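Peer 1: The following block contains the structure, expressed as structure tokens.
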Amino acid sequence: MNPQNAQWFILVIINLPVYLALGRIIFGGWGGFLEAMRLWSSADWWFTLEKEWREDRWGTGKLPVFILLCIALPVIEHLMFGKTAVIKPAAQVAGLL
């Protein structure tokens, strides 16, 4: 594994507690997360989303906001710290090189 891939892997693993905390803030618990998953994975999901969007915009938009934030966090961290000389030593410490 090259140092660049190792850095992405390390960023995702280190951010797991942040993802869980972010999910707790957005969904309020596992019940809210499962409800959002049910809404987005229903058989007629487009009609359901249109109907739910009119009634509850935040409830419908929770899952895409969560996914966007979970993707944006490592990308921002990579842009902040990705060009430093820490990449190779961090990958060696994790045993990925």
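Identifiers for the structure tokens are assigned positionally: chains receive A, B, ... in sequence, residues are indexed from 1 per chain, and ligands are indexed from 1 in the order shown.
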Please provide the set of residues having any atom within 10 Å of region 13-24 of chain A, restricted to only C-alpha atoms, with same-chain residues fewer than 6 positions apart removed, written as a PDB file with C-alpha atoms, in the first residue's frame.

Peer 2:
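result_22.pdb, freshly written:
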ATOM      1  CA  GLN A   7      -3.194   8.141   4.696  1.00  0.00           C
ATOM      2  CA  TRP A  30     -30.166   4.350  15.975  1.00  0.00           C
ATOM      3  CA  GLY A  32     -33.652   7.859  13.604  1.00  0.00           C
ATOM      4  CA  PHE A  33     -30.883   6.397  11.457  1.00  0.00           C
ATOM      5  CA  LYS A  62     -30.791  13.807   7.197  1.00  0.00           C
ATOM      6  CA  LEU A  63     -29.152  10.867   5.422  1.00  0.00           C
ATOM      7  CA  PHE A  66     -24.762  12.810   7.066  1.00  0.00           C
ATOM      8  CA  ILE A  67     -23.128  11.097   4.084  1.00  0.00           C
ATOM      9  CA  LEU A  69     -20.344  15.378   6.051  1.00  0.00           C
ATOM     10  CA  CYS A  70     -18.718  11.953   6.470  1.00  0.00           C
ATOM     11  CA  ILE A  71     -17.114  12.275   3.032  1.00  0.00           C
ATOM     12  CA  LEU A  73     -14.352  15.410   6.788  1.00  0.00           C
ATOM     13  CA  PRO A  74     -11.470  13.201   5.522  1.00  0.00           C
TER      14      PRO A  74
END

Peer 1: Work out how far CA of Leu11 (chain A) is from CA of Gly28 (chain A), in Å to one decimal.

Peer 2: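 Taking CA of Gly28 (chain A) as the start and CA of Leu11 (chain A) as the end point, the length is 24.6 Å.
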
Peer 1: Determine the nearest neighbour of Arg57 (chain A) from the options A:Leu79, A:Val12, A:Ala6, A:Ala36, counting only C-alpha atoms.

Peer 2: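 Among A:Leu79, A:Val12, A:Ala6, A:Ala36, it is A:Ala36 that comes nearest to Arg57 (chain A).
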